[in-house]
Number of protein chains: 2
Amino acid sequence: MKAYEILMDIALIIISAKFMGLVARKVKAPMVVGEIVAGIIVGPCLLGLVEPSEDLSVFAEIGVILIMFSAGLETNLQELKKSGLMALVIACVGVFVPLAAGTGLYMAFYGFGSVGSEKFFKALFIGCIMTATSVGITVEALKEMGYLKGRVGQTILSAAIIDDIIGIVVLTFVLSMKDPSADIGVVSLKVVGFLAASFILGFLIYKIFKVVDEKYPHTRRIPIIALSLCFVLAYVAEEYFGIADITGAYIAGIILCNVRDADYIDRKVNVNGYMFFAPIFFVGIGLKTSFKGLNGEAVLFCLAFVAVAMLSKLIGCGLVSKCFKFKNIDCIKIGAGMMTRGEVALIITNKGLSLGVIEPSISTAVILLIIVSSVVTPILLKYLYSRSPDPAEETAA
Amino acid sequence: MKAYEILMDIALIIISAKFMGLVARKVKAPMVVGEIVAGIIVGPCLLGLVEPSEDLSVFAEIGVILIMFSAGLETNLQELKKSGLMALVIACVGVFVPLAAGTGLYMAFYGFGSVGSEKFFKALFIGCIMTATSVGITVEALKEMGYLKGRVGQTILSAAIIDDIIGIVVLTFVLSMKDPSADIGVVSLKVVGFLAASFILGFLIYKIFKVVDEKYPHTRRIPIIALSLCFVLAYVAEEYFGIADITGAYIAGIILCNVRDADYIDRKVNVNGYMFFAPIFFVGIGLKTSFKGLNGEAVLFCLAFVAVAMLSKLIGCGLVSKCFKFKNIDCIKIGAGMMTRGEVALIITNKGLSLGVIEPSISTAVILLIIVSSVVTPILLKYLYSRSPDPAEETAA
C-alpha cells in the first residue's frame with residue numbers, strides 16, 4: 001500500500017465518525033456509539049468503503065494511548081484525597097463484584113476452568129471488561145439535573161476515578177497471566193515492580209517536569225515532552241514488563257496530572273486525539289465488527305453479559321454504600337450512576353481481541369452494554385431523583 | 001512490527017526534533033534544519049536509535065499533506081489581487097529562471113538529454129526543486145528590521161505566494177511526464193483538467209462550506225470537514241489524475257483560504273502537524289540521509305547546486321524588478337529576499353526520491369541550500385537596508 005492510499009480511508013473515517021457522532025448526540029446516545037456505528041456503515045459489514053488495515057491499526061493504537069493518557073491527566077488527586085475511604089471502598093466493591101460476576105457468567109455458559117487454565121483466563125478477562133465504569137454519561141445527567149455537586153454525585157465521581165485506577169491494576173495482573181506457564185509469583189513481582197518503579201520514577205519526573213513547566217509555561221515544548229513521556233512509558237511497559245501499553249500511558253497521565261499545565265497538555269493532546277486518532281480507534285471497532293458469528297447462544301450470552309455487567313455494579317456499589325449511612329434510595333442512585341460503561345471497556349476488549357484471548361462476538365456484547373447502560377442510567381437517575389431530591393440541591397446551582 | 005513498537009520511535013523523533021529545533025532557533029537557523037539534524041543524530045548515520053520504517057513514512061506523508069494544506073490555507077487571495085501584475089511577473093521569472101538554470105546545471109554535470117528522455121526529466125526535476133521560495137526566514141528578517149510593510153517587503157511577500165502556486169503547477173506538469181511513453185498532449189490535458197475541475201468544484205465546495213461555517217463557527221466539525229476535503233483531494237489527485245497528492249492538498253487549502261474560519265482550521269491542523277506529523281517528516285529526511293555516496297563529483301555538484309539555486313533567484317527576480325521602477329539596490333533586496341528555500345523544496349525532493357527520479361545525494365544538496373540561503377539572506381538584507389533604508393519605514397512600526 002502506498003502512503004497516500006491511506007488518505008481516503010482516513011477522510012472517510014473522520015468524516016463519518018463526526019457525522020454519526022453528532023447523530024448519536026442528537027438522540028442522547030454516547031458519541032462513541034455513533035462512531036462505532038459509522039465504522040459498521042462504512043466497513044465490510046455494510047458499504048465496504050474502508051477495510052481494516054495494518055496502517056489503520058497503528059493509528060488506532062495511538063488513539064487508545066492518547067485516550068488513556070488523557071484519562072490519567074484528568075485525574076484530580078486532591079479531590080481523591082478528600083473523598084477518602086468511602087469512595088475507595090465503593091470503588092473496590094465496584095471492581096471486584098463485576099469481576100467475579102463476569103468470570104462466573106463466562107463459566108456458566110462455557111464450562112468451568114480451574115485456576116491457571118486457559119478457560120479460567122478467558123473467563124477472568126470477561127470479568128475485567130466489566131470492571132471499568134465510564135461516568136461521562138452519569139456526570140452529564142447529574143449536571144443537567146443540578147445534582148452533580150451533591151453528596152451522591154461527588155461520591156459517584158470519586159468512586160469512578162478510583163475504579164479506573166483499580167481496574168487498570170487488575171487488568172495489568174490479569175494480562176500478565178496470559179502466558180499459562182508463567183509463575184504467578186514472578187508475574188506479581190513484575191507488576192508490582194513496574195508500578196513501584198513507575199511511581200518512584202514518576203515522582204522524580206514530576207518534580208523535573210514541574211520545574212520545566214514553570215520556566216516555560218504554555219509553550220509547545222510542554223505537551224511534546226509530556227507526550228514523549230507517555231509514549232516511552234507505554235513502550236517500556238509493554239516491551240520490558242509484559243504489561244499493557246495502555247497501563248503505561250495511563251500512569252504517565254497520573255504522573256503529570258498535578259503539574260500546572262496539565263490542562264494545557266490535555267487540550268493539545270485532545271486536539272490530536274479527536275481529529276485523527278480516537279475516531280480511527282472507535283470507527284475501527286465498527287470496521288472489525290461482524291454479525292456473522294452471532295448464533296442463538298452468542299445472542300443469549302450478549303444479553304446475559306449486559307444484564308450481569310449492569311446488575312453487578314448496581315447491586316455491588318449499592319449495597320456497600322449502605323455501610324456509609326446513605327438512605328436506601330441514595331444507595332440505588334450510587335449503584336445506578338456507576339453502571340455506565342464506555343471507552344475503557346472498549347479499549348480492554350480490543351486488547352483482548354488483539355491478544356486472541358476473547359472471541360470477536362464479545363465486542364458486540366460490549367457495544368450493546370455501552371448503548372443500553374447509557375440509555376438506562378440517565379432515565380433511572382431522573383426517576384430516582386424525582387422520587388427523592390438530593391438535599392444538597394441548593395448548593396448545586 | 002507490533003503497533004506499540006512505533007511508540008518509542010515517535011517519542012524519540014518528536015523529542016529530538018523539538019530539542020534540535022530549539023537549538024537551531026538559538027543559532028538563528030531555520031527550525032526545520034534542526035529537525036533534520038535530529039534525524040541524522042538519532043538515525044542510522046550516528047546513534048542508530050531509530051530506523052526509517054514503512055509506518056513512519058505513512059506519518060511523514062500525512063505531515064507533508066498537512067504542511068501543504070496549511071500553506072494553501074495561509075494564502076491571502078485579497079492581498080494577491082491587490083499586488084497584481086508586478087508580483088505575478090516577478091514570481092514567474094523567479095520560477096522559470098531557476099527551473100532553466102537547475103535543468104542546465106544537471107546537464108552540465110551529467111550530460112545533455114533530449115526532450116522526453118529520462119535524463120531530460122531528471123534535469124527538469126532538479127530545476128523544479130529550485131523553484132520554490134520559502135519566505136519564512138525573509139519575513140522574519142524584514143519584520144525584525146521593521147521593513148515588512150514597505151513596498152519592497154510587500155512585493156517579496158506577494159511574489160513568494162504566487163511563486164508557490166506557479167511552482168506547484170510546474171511541478172504537477174513535470175511529475176505527470178514521469179512516464180516517458182506518456183503523450184505530452186494527454187498529460188497537459190490531465191493537468192489542465194484536474195486544475196480546472198478542482199477550481200470549479202472548489203468554488204462550489206467553498207460556497208457550501210461557507211454556509212456550514214457560518215452556521216457552526218468554531219465548532220470541531222469545521223476543521224474535521226476541512227481536513228477530510230484536503231485528504232480526499234490529495235487522494236483523488238494521485239489516484240485518478242496521476243498528479244502529486246501535495247498538489248491536491250495545496251489546492252484544498254486555497255479553496256478554503258477565504259472562509260471565515262480559515263485561521264481556526266489552520267490552527268487546529270497545525271496542532272496536529274507540529275506535534276506528530278511534521279516532525280516525523282523532517283526527522284525522517286535526516287534518518288534517510290546518508291553521507292556514504294558523497295564522492296568528489298557529488299560534493300562539487302552540491303556546491304554548484306546551492307550557488308545556482310541562489311544566484312538564479314537573485315538575478316532573475318532582481319533584473320525583472322527593474323522593469324517596475326525599483327531602485328537598483330531595491331531590486332537586489334527583492335532578489336535576495338526571494339533566495340530562501342525551505343519546507344517546499346524538501347517536500348519536492350522527497351517526492352522525487354520516492355519516485356526514484358533523483359539520487360539520494362540530492363537531498364544533501366537541498367539541505368545545504370536551505371542552511372546556506374537561510375544564513376546568507378538575512379545578513380545580505382540587513383546590509384542592503386543599512387545602505388538604503390526603505391522610505392516606507394515609518395508606516396512599518
# chains A, B, ... in the order shown; residues from 1 in each chain; ligands from 1
$ residues_around --residues "Lys82 in chain A" --least-positions-apart "3" --cutoff "12 Å" --atoms "only C-alpha atoms" --output "PDB file with all heavy atoms, in the first residue's frame"
ATOM      1  N   ASN A  76      -8.013  13.948  39.331  1.00  0.00           N
ATOM      2  CA  ASN A  76      -7.759  15.016  40.289  1.00  0.00           C
ATOM      3  C   ASN A  76      -7.362  14.403  41.634  1.00  0.00           C
ATOM      4  O   ASN A  76      -8.202  13.983  42.422  1.00  0.00           O
ATOM      5  CB  ASN A  76      -9.015  15.879  40.428  1.00  0.00           C
ATOM      6  CG  ASN A  76      -8.760  17.099  41.283  1.00  0.00           C
ATOM      7  OD1 ASN A  76      -7.878  17.085  42.145  1.00  0.00           O
ATOM      8  ND2 ASN A  76      -9.515  18.148  41.055  1.00  0.00           N
ATOM      9  N   LEU A  77      -6.051  14.344  41.869  1.00  0.00           N
ATOM     10  CA  LEU A  77      -5.561  13.652  43.067  1.00  0.00           C
ATOM     11  C   LEU A  77      -6.015  14.328  44.361  1.00  0.00           C
ATOM     12  O   LEU A  77      -6.341  13.667  45.340  1.00  0.00           O
ATOM     13  CB  LEU A  77      -4.034  13.546  43.038  1.00  0.00           C
ATOM     14  CG  LEU A  77      -3.445  12.617  41.953  1.00  0.00           C
ATOM     15  CD1 LEU A  77      -1.935  12.570  42.057  1.00  0.00           C
ATOM     16  CD2 LEU A  77      -4.010  11.209  42.063  1.00  0.00           C
ATOM     17  N   GLN A  78      -6.067  15.667  44.349  1.00  0.00           N
ATOM     18  CA  GLN A  78      -6.506  16.404  45.549  1.00  0.00           C
ATOM     19  C   GLN A  78      -7.915  15.978  45.951  1.00  0.00           C
ATOM     20  O   GLN A  78      -8.210  15.668  47.095  1.00  0.00           O
ATOM     21  CB  GLN A  78      -6.514  17.917  45.300  1.00  0.00           C
ATOM     22  CG  GLN A  78      -5.267  18.490  44.659  1.00  0.00           C
ATOM     23  CD  GLN A  78      -4.000  18.096  45.362  1.00  0.00           C
ATOM     24  OE1 GLN A  78      -4.023  17.537  46.441  1.00  0.00           O
ATOM     25  NE2 GLN A  78      -2.850  18.348  44.755  1.00  0.00           N
ATOM     26  N   GLU A  79      -8.768  16.006  44.914  1.00  0.00           N
ATOM     27  CA  GLU A  79     -10.176  15.655  45.094  1.00  0.00           C
ATOM     28  C   GLU A  79     -10.290  14.248  45.690  1.00  0.00           C
ATOM     29  O   GLU A  79     -11.083  13.998  46.597  1.00  0.00           O
ATOM     30  CB  GLU A  79     -10.850  15.714  43.717  1.00  0.00           C
ATOM     31  CG  GLU A  79     -12.346  15.833  43.710  1.00  0.00           C
ATOM     32  CD  GLU A  79     -12.830  17.165  44.267  1.00  0.00           C
ATOM     33  OE1 GLU A  79     -12.162  18.201  44.034  1.00  0.00           O
ATOM     34  OE2 GLU A  79     -13.844  17.146  44.968  1.00  0.00           O
ATOM     35  N   LEU A  85     -11.775   7.339  52.197  1.00  0.00           N
ATOM     36  CA  LEU A  85     -12.059   5.919  52.373  1.00  0.00           C
ATOM     37  C   LEU A  85     -13.352   5.475  51.700  1.00  0.00           C
ATOM     38  O   LEU A  85     -13.404   4.428  51.051  1.00  0.00           O
ATOM     39  CB  LEU A  85     -12.138   5.611  53.876  1.00  0.00           C
ATOM     40  CG  LEU A  85     -12.199   4.119  54.198  1.00  0.00           C
ATOM     41  CD1 LEU A  85     -10.874   3.440  53.890  1.00  0.00           C
ATOM     42  CD2 LEU A  85     -12.578   3.899  55.654  1.00  0.00           C
ATOM     43  N   MET A  86     -14.400   6.295  51.849  1.00  0.00           N
ATOM     44  CA  MET A  86     -15.701   5.882  51.347  1.00  0.00           C
ATOM     45  C   MET A  86     -15.650   5.566  49.856  1.00  0.00           C
ATOM     46  O   MET A  86     -16.063   4.483  49.417  1.00  0.00           O
ATOM     47  CB  MET A  86     -16.701   7.003  51.600  1.00  0.00           C
ATOM     48  CG  MET A  86     -18.091   6.666  51.164  1.00  0.00           C
ATOM     49  SD  MET A  86     -19.220   7.965  51.663  1.00  0.00           S
ATOM     50  CE  MET A  86     -18.774   9.278  50.551  1.00  0.00           C
ATOM     51  N   ALA A  87     -15.108   6.511  49.064  1.00  0.00           N
ATOM     52  CA  ALA A  87     -15.033   6.302  47.620  1.00  0.00           C
ATOM     53  C   ALA A  87     -14.159   5.091  47.315  1.00  0.00           C
ATOM     54  O   ALA A  87     -14.451   4.316  46.397  1.00  0.00           O
ATOM     55  CB  ALA A  87     -14.486   7.554  46.940  1.00  0.00           C
ATOM     56  N   LEU A  88     -13.101   4.924  48.101  1.00  0.00           N
ATOM     57  CA  LEU A  88     -12.184   3.800  47.866  1.00  0.00           C
ATOM     58  C   LEU A  88     -12.908   2.467  48.035  1.00  0.00           C
ATOM     59  O   LEU A  88     -12.787   1.565  47.194  1.00  0.00           O
ATOM     60  CB  LEU A  88     -10.997   3.887  48.839  1.00  0.00           C
ATOM     61  CG  LEU A  88      -9.956   2.777  48.705  1.00  0.00           C
ATOM     62  CD1 LEU A  88      -9.237   2.860  47.366  1.00  0.00           C
ATOM     63  CD2 LEU A  88      -8.934   2.840  49.842  1.00  0.00           C
ATOM     64  N   GLN A 154     -20.938  13.545  44.122  1.00  0.00           N
ATOM     65  CA  GLN A 154     -19.495  13.574  44.385  1.00  0.00           C
ATOM     66  C   GLN A 154     -18.961  12.185  44.719  1.00  0.00           C
ATOM     67  O   GLN A 154     -17.849  11.832  44.350  1.00  0.00           O
ATOM     68  CB  GLN A 154     -19.180  14.562  45.515  1.00  0.00           C
ATOM     69  CG  GLN A 154     -19.268  16.012  45.070  1.00  0.00           C
ATOM     70  CD  GLN A 154     -18.374  16.328  43.875  1.00  0.00           C
ATOM     71  OE1 GLN A 154     -17.166  16.199  43.959  1.00  0.00           O
ATOM     72  NE2 GLN A 154     -18.970  16.706  42.749  1.00  0.00           N
ATOM     73  N   THR A 155     -19.780  11.397  45.414  1.00  0.00           N
ATOM     74  CA  THR A 155     -19.358  10.035  45.730  1.00  0.00           C
ATOM     75  C   THR A 155     -19.194   9.210  44.453  1.00  0.00           C
ATOM     76  O   THR A 155     -18.195   8.506  44.270  1.00  0.00           O
ATOM     77  CB  THR A 155     -20.403   9.360  46.640  1.00  0.00           C
ATOM     78  OG1 THR A 155     -20.580  10.176  47.795  1.00  0.00           O
ATOM     79  CG2 THR A 155     -19.949   7.982  47.061  1.00  0.00           C
ATOM     80  N   SER A 158     -15.941  10.400  42.566  1.00  0.00           N
ATOM     81  CA  SER A 158     -14.679   9.941  43.164  1.00  0.00           C
ATOM     82  C   SER A 158     -14.530   8.442  43.014  1.00  0.00           C
ATOM     83  O   SER A 158     -13.448   7.934  42.683  1.00  0.00           O
ATOM     84  CB  SER A 158     -14.634  10.291  44.654  1.00  0.00           C
ATOM     85  OG  SER A 158     -14.909  11.641  44.833  1.00  0.00           O
ATOM     86  N   ALA A 159     -15.611   7.705  43.278  1.00  0.00           N
ATOM     87  CA  ALA A 159     -15.526   6.249  43.177  1.00  0.00           C
ATOM     88  C   ALA A 159     -15.174   5.831  41.754  1.00  0.00           C
ATOM     89  O   ALA A 159     -14.382   4.904  41.548  1.00  0.00           O
ATOM     90  CB  ALA A 159     -16.851   5.624  43.602  1.00  0.00           C
TER      91      ALA A 159
END
$ interface_residues --of "chain A" --to "chain B" --cutoff "6 Å" --atoms "only C-alpha atoms" --output "count of residues only"
9
$ select_by_dssp --residues "range 18-246 of chain B" --states "alpha helix (DSSP H)" --output "ChimeraX atom specification"
/B:18-26,31-42,54-73,77-110,118-131,136-145,151-176,184-215,221-241,245-246
$ atom_distance --atom1 "CA of Glu343 in chain B" --atom2 "CA of Ala237 in chain B"
20.9 Å
$ residues_around --residues "Ile126 in chain B" --least-positions-apart "4" --cutoff "8 Å" --atoms "only C-alpha atoms" --output "PyMOL selection string"
chain B and resi 99+102-103+106+122+130+358
$ write_last_selection --atoms "N, CA and C atoms" --output "PDB file, in the first residue's frame"
ATOM      1  N   LEU B  99      14.270  27.259 -12.760  1.00  0.00           N
ATOM      2  CA  LEU B  99      13.906  25.998 -13.421  1.00  0.00           C
ATOM      3  C   LEU B  99      14.880  25.717 -14.569  1.00  0.00           C
ATOM      4  N   GLY B 102      18.517  25.199 -13.122  1.00  0.00           N
ATOM      5  CA  GLY B 102      18.696  23.882 -12.498  1.00  0.00           C
ATOM      6  C   GLY B 102      18.796  22.790 -13.546  1.00  0.00           C
ATOM      7  N   THR B 103      17.923  22.872 -14.558  1.00  0.00           N
ATOM      8  CA  THR B 103      17.965  21.887 -15.640  1.00  0.00           C
ATOM      9  C   THR B 103      19.322  21.938 -16.334  1.00  0.00           C
ATOM     10  N   TYR B 106      22.223  20.403 -14.178  1.00  0.00           N
ATOM     11  CA  TYR B 106      22.283  18.941 -14.174  1.00  0.00           C
ATOM     12  C   TYR B 106      22.903  18.438 -15.478  1.00  0.00           C
ATOM     13  N   LYS B 122      15.045  14.012 -15.433  1.00  0.00           N
ATOM     14  CA  LYS B 122      15.803  14.189 -14.191  1.00  0.00           C
ATOM     15  C   LYS B 122      16.293  15.623 -14.044  1.00  0.00           C
ATOM     16  N   MET B 130      14.464  23.759  -7.442  1.00  0.00           N
ATOM     17  CA  MET B 130      14.979  25.115  -7.212  1.00  0.00           C
ATOM     18  C   MET B 130      13.893  26.182  -7.237  1.00  0.00           C
ATOM     19  N   ILE B 358      15.374  11.031  -8.683  1.00  0.00           N
ATOM     20  CA  ILE B 358      16.655  11.665  -8.367  1.00  0.00           C
ATOM     21  C   ILE B 358      17.436  10.812  -7.378  1.00  0.00           C
TER      22      ILE B 358
END
$ residues_around --residues "Leu319 in chain A" --least-positions-apart "3" --cutoff "10 Å" --atoms "only C-alpha atoms" --output "MDAnalysis selection string"
chainID A and resid 90 93 313:316 322:324 328 331:332 334:335
$ write_last_selection --atoms "N, CA, C and O atoms" --output "PDB file, in the first residue's frame"
ATOM      1  N   ILE A  90     -16.192   1.870  47.962  1.00  0.00           N
ATOM      2  CA  ILE A  90     -17.223   1.691  46.923  1.00  0.00           C
ATOM      3  C   ILE A  90     -16.578   1.284  45.604  1.00  0.00           C
ATOM      4  O   ILE A  90     -17.054   0.382  44.911  1.00  0.00           O
ATOM      5  N   VAL A  93     -15.374  -2.459  45.702  1.00  0.00           N
ATOM      6  CA  VAL A  93     -16.505  -3.373  45.539  1.00  0.00           C
ATOM      7  C   VAL A  93     -17.017  -3.299  44.100  1.00  0.00           C
ATOM      8  O   VAL A  93     -17.329  -4.323  43.483  1.00  0.00           O
ATOM      9  N   LYS A 313     -22.740  -4.006  39.055  1.00  0.00           N
ATOM     10  CA  LYS A 313     -22.346  -2.679  39.535  1.00  0.00           C
ATOM     11  C   LYS A 313     -23.440  -2.108  40.446  1.00  0.00           C
ATOM     12  O   LYS A 313     -23.167  -1.583  41.523  1.00  0.00           O
ATOM     13  N   LEU A 314     -24.678  -2.214  39.968  1.00  0.00           N
ATOM     14  CA  LEU A 314     -25.802  -1.639  40.697  1.00  0.00           C
ATOM     15  C   LEU A 314     -25.888  -2.243  42.100  1.00  0.00           C
ATOM     16  O   LEU A 314     -25.948  -1.513  43.110  1.00  0.00           O
ATOM     17  N   ILE A 315     -25.846  -3.569  42.150  1.00  0.00           N
ATOM     18  CA  ILE A 315     -26.002  -4.237  43.443  1.00  0.00           C
ATOM     19  C   ILE A 315     -24.747  -4.063  44.295  1.00  0.00           C
ATOM     20  O   ILE A 315     -24.813  -3.692  45.469  1.00  0.00           O
ATOM     21  N   GLY A 316     -23.562  -4.296  43.687  1.00  0.00           N
ATOM     22  CA  GLY A 316     -22.308  -4.190  44.432  1.00  0.00           C
ATOM     23  C   GLY A 316     -22.142  -2.809  45.057  1.00  0.00           C
ATOM     24  O   GLY A 316     -22.024  -2.657  46.278  1.00  0.00           O
ATOM     25  N   LYS A 322     -24.534   1.340  51.600  1.00  0.00           N
ATOM     26  CA  LYS A 322     -25.355   1.269  52.806  1.00  0.00           C
ATOM     27  C   LYS A 322     -24.494   1.378  54.077  1.00  0.00           C
ATOM     28  O   LYS A 322     -24.936   1.914  55.095  1.00  0.00           O
ATOM     29  N   CYS A 323     -23.241   0.877  54.006  1.00  0.00           N
ATOM     30  CA  CYS A 323     -22.332   0.952  55.156  1.00  0.00           C
ATOM     31  C   CYS A 323     -21.968   2.396  55.498  1.00  0.00           C
ATOM     32  O   CYS A 323     -21.433   2.668  56.560  1.00  0.00           O
ATOM     33  N   PHE A 324     -22.178   3.319  54.561  1.00  0.00           N
ATOM     34  CA  PHE A 324     -21.773   4.699  54.805  1.00  0.00           C
ATOM     35  C   PHE A 324     -22.967   5.599  55.080  1.00  0.00           C
ATOM     36  O   PHE A 324     -22.953   6.792  54.776  1.00  0.00           O
ATOM     37  N   ASN A 328     -31.630   4.360  51.610  1.00  0.00           N
ATOM     38  CA  ASN A 328     -31.766   3.290  50.617  1.00  0.00           C
ATOM     39  C   ASN A 328     -31.797   3.816  49.191  1.00  0.00           C
ATOM     40  O   ASN A 328     -31.100   3.323  48.310  1.00  0.00           O
ATOM     41  N   CYS A 331     -28.501   4.899  47.921  1.00  0.00           N
ATOM     42  CA  CYS A 331     -27.656   3.759  47.568  1.00  0.00           C
ATOM     43  C   CYS A 331     -27.942   3.312  46.139  1.00  0.00           C
ATOM     44  O   CYS A 331     -27.026   3.015  45.364  1.00  0.00           O
ATOM     45  N   ILE A 332     -29.229   3.267  45.805  1.00  0.00           N
ATOM     46  CA  ILE A 332     -29.588   2.860  44.435  1.00  0.00           C
ATOM     47  C   ILE A 332     -29.064   3.885  43.432  1.00  0.00           C
ATOM     48  O   ILE A 332     -28.562   3.532  42.366  1.00  0.00           O
ATOM     49  N   ILE A 334     -26.375   5.695  43.696  1.00  0.00           N
ATOM     50  CA  ILE A 334     -24.935   5.470  43.521  1.00  0.00           C
ATOM     51  C   ILE A 334     -24.695   4.259  42.641  1.00  0.00           C
ATOM     52  O   ILE A 334     -23.907   4.297  41.683  1.00  0.00           O
ATOM     53  N   GLY A 335     -25.407   3.176  42.925  1.00  0.00           N
ATOM     54  CA  GLY A 335     -25.269   1.978  42.102  1.00  0.00           C
ATOM     55  C   GLY A 335     -25.598   2.252  40.637  1.00  0.00           C
ATOM     56  O   GLY A 335     -24.862   1.855  39.729  1.00  0.00           O
TER      57      GLY A 335
END
$ residues_around --residues "Met68 in chain A" --least-positions-apart "5" --cutoff "10 Å" --atoms "only C-alpha atoms" --output "NGL selection string"
:A and (62-63 or 73-74 or 230 or 245-254 or 343-344 or 347)
$ atom_distance --atom1 "CA of Phe194 in chain B" --atom2 "CA of Asp164 in chain B"
17.7 Å
$ atom_distance --atom1 "CA of Leu148 in chain A" --atom2 "CA of Ala309 in chain A"
23.9 Å
$ residues_around --residues "Ile129 in chain A" --least-positions-apart "5" --cutoff "10 Å" --atoms "only C-alpha atoms" --output "number ranges by chain"
A: 98-99, 102, 124, 167, 171, 309, 341, 344-350, 352, 362, 366
$ residues_around --residues "range 182-188 of chain B" --least-positions-apart "5" --cutoff "10 Å" --atoms "only C-alpha atoms" --output "list in words"
Gly116, Thr172, Phe173, Val174, Leu175, Ser176, Met177, Gly193, Phe194, Phe241, Gly242 and Ile243 of chain B
$ closest_residue --among "A:Ala336, A:Gly153, A:Gly284, A:Gly113" --to "Leu311 in chain A" --atoms "only C-alpha atoms"
A:Ala336
$ closest_residue --among "B:Met145, B:Thr219, B:Arg260, B:Ile255" --to "Ser198 in chain B" --atoms "only C-alpha atoms"
B:Ile255
$ closest_residue --among "B:Phe121, B:Phe96, B:Tyr240, B:Phe305" --to "Phe109 in chain B" --atoms "only C-alpha atoms"
B:Phe305
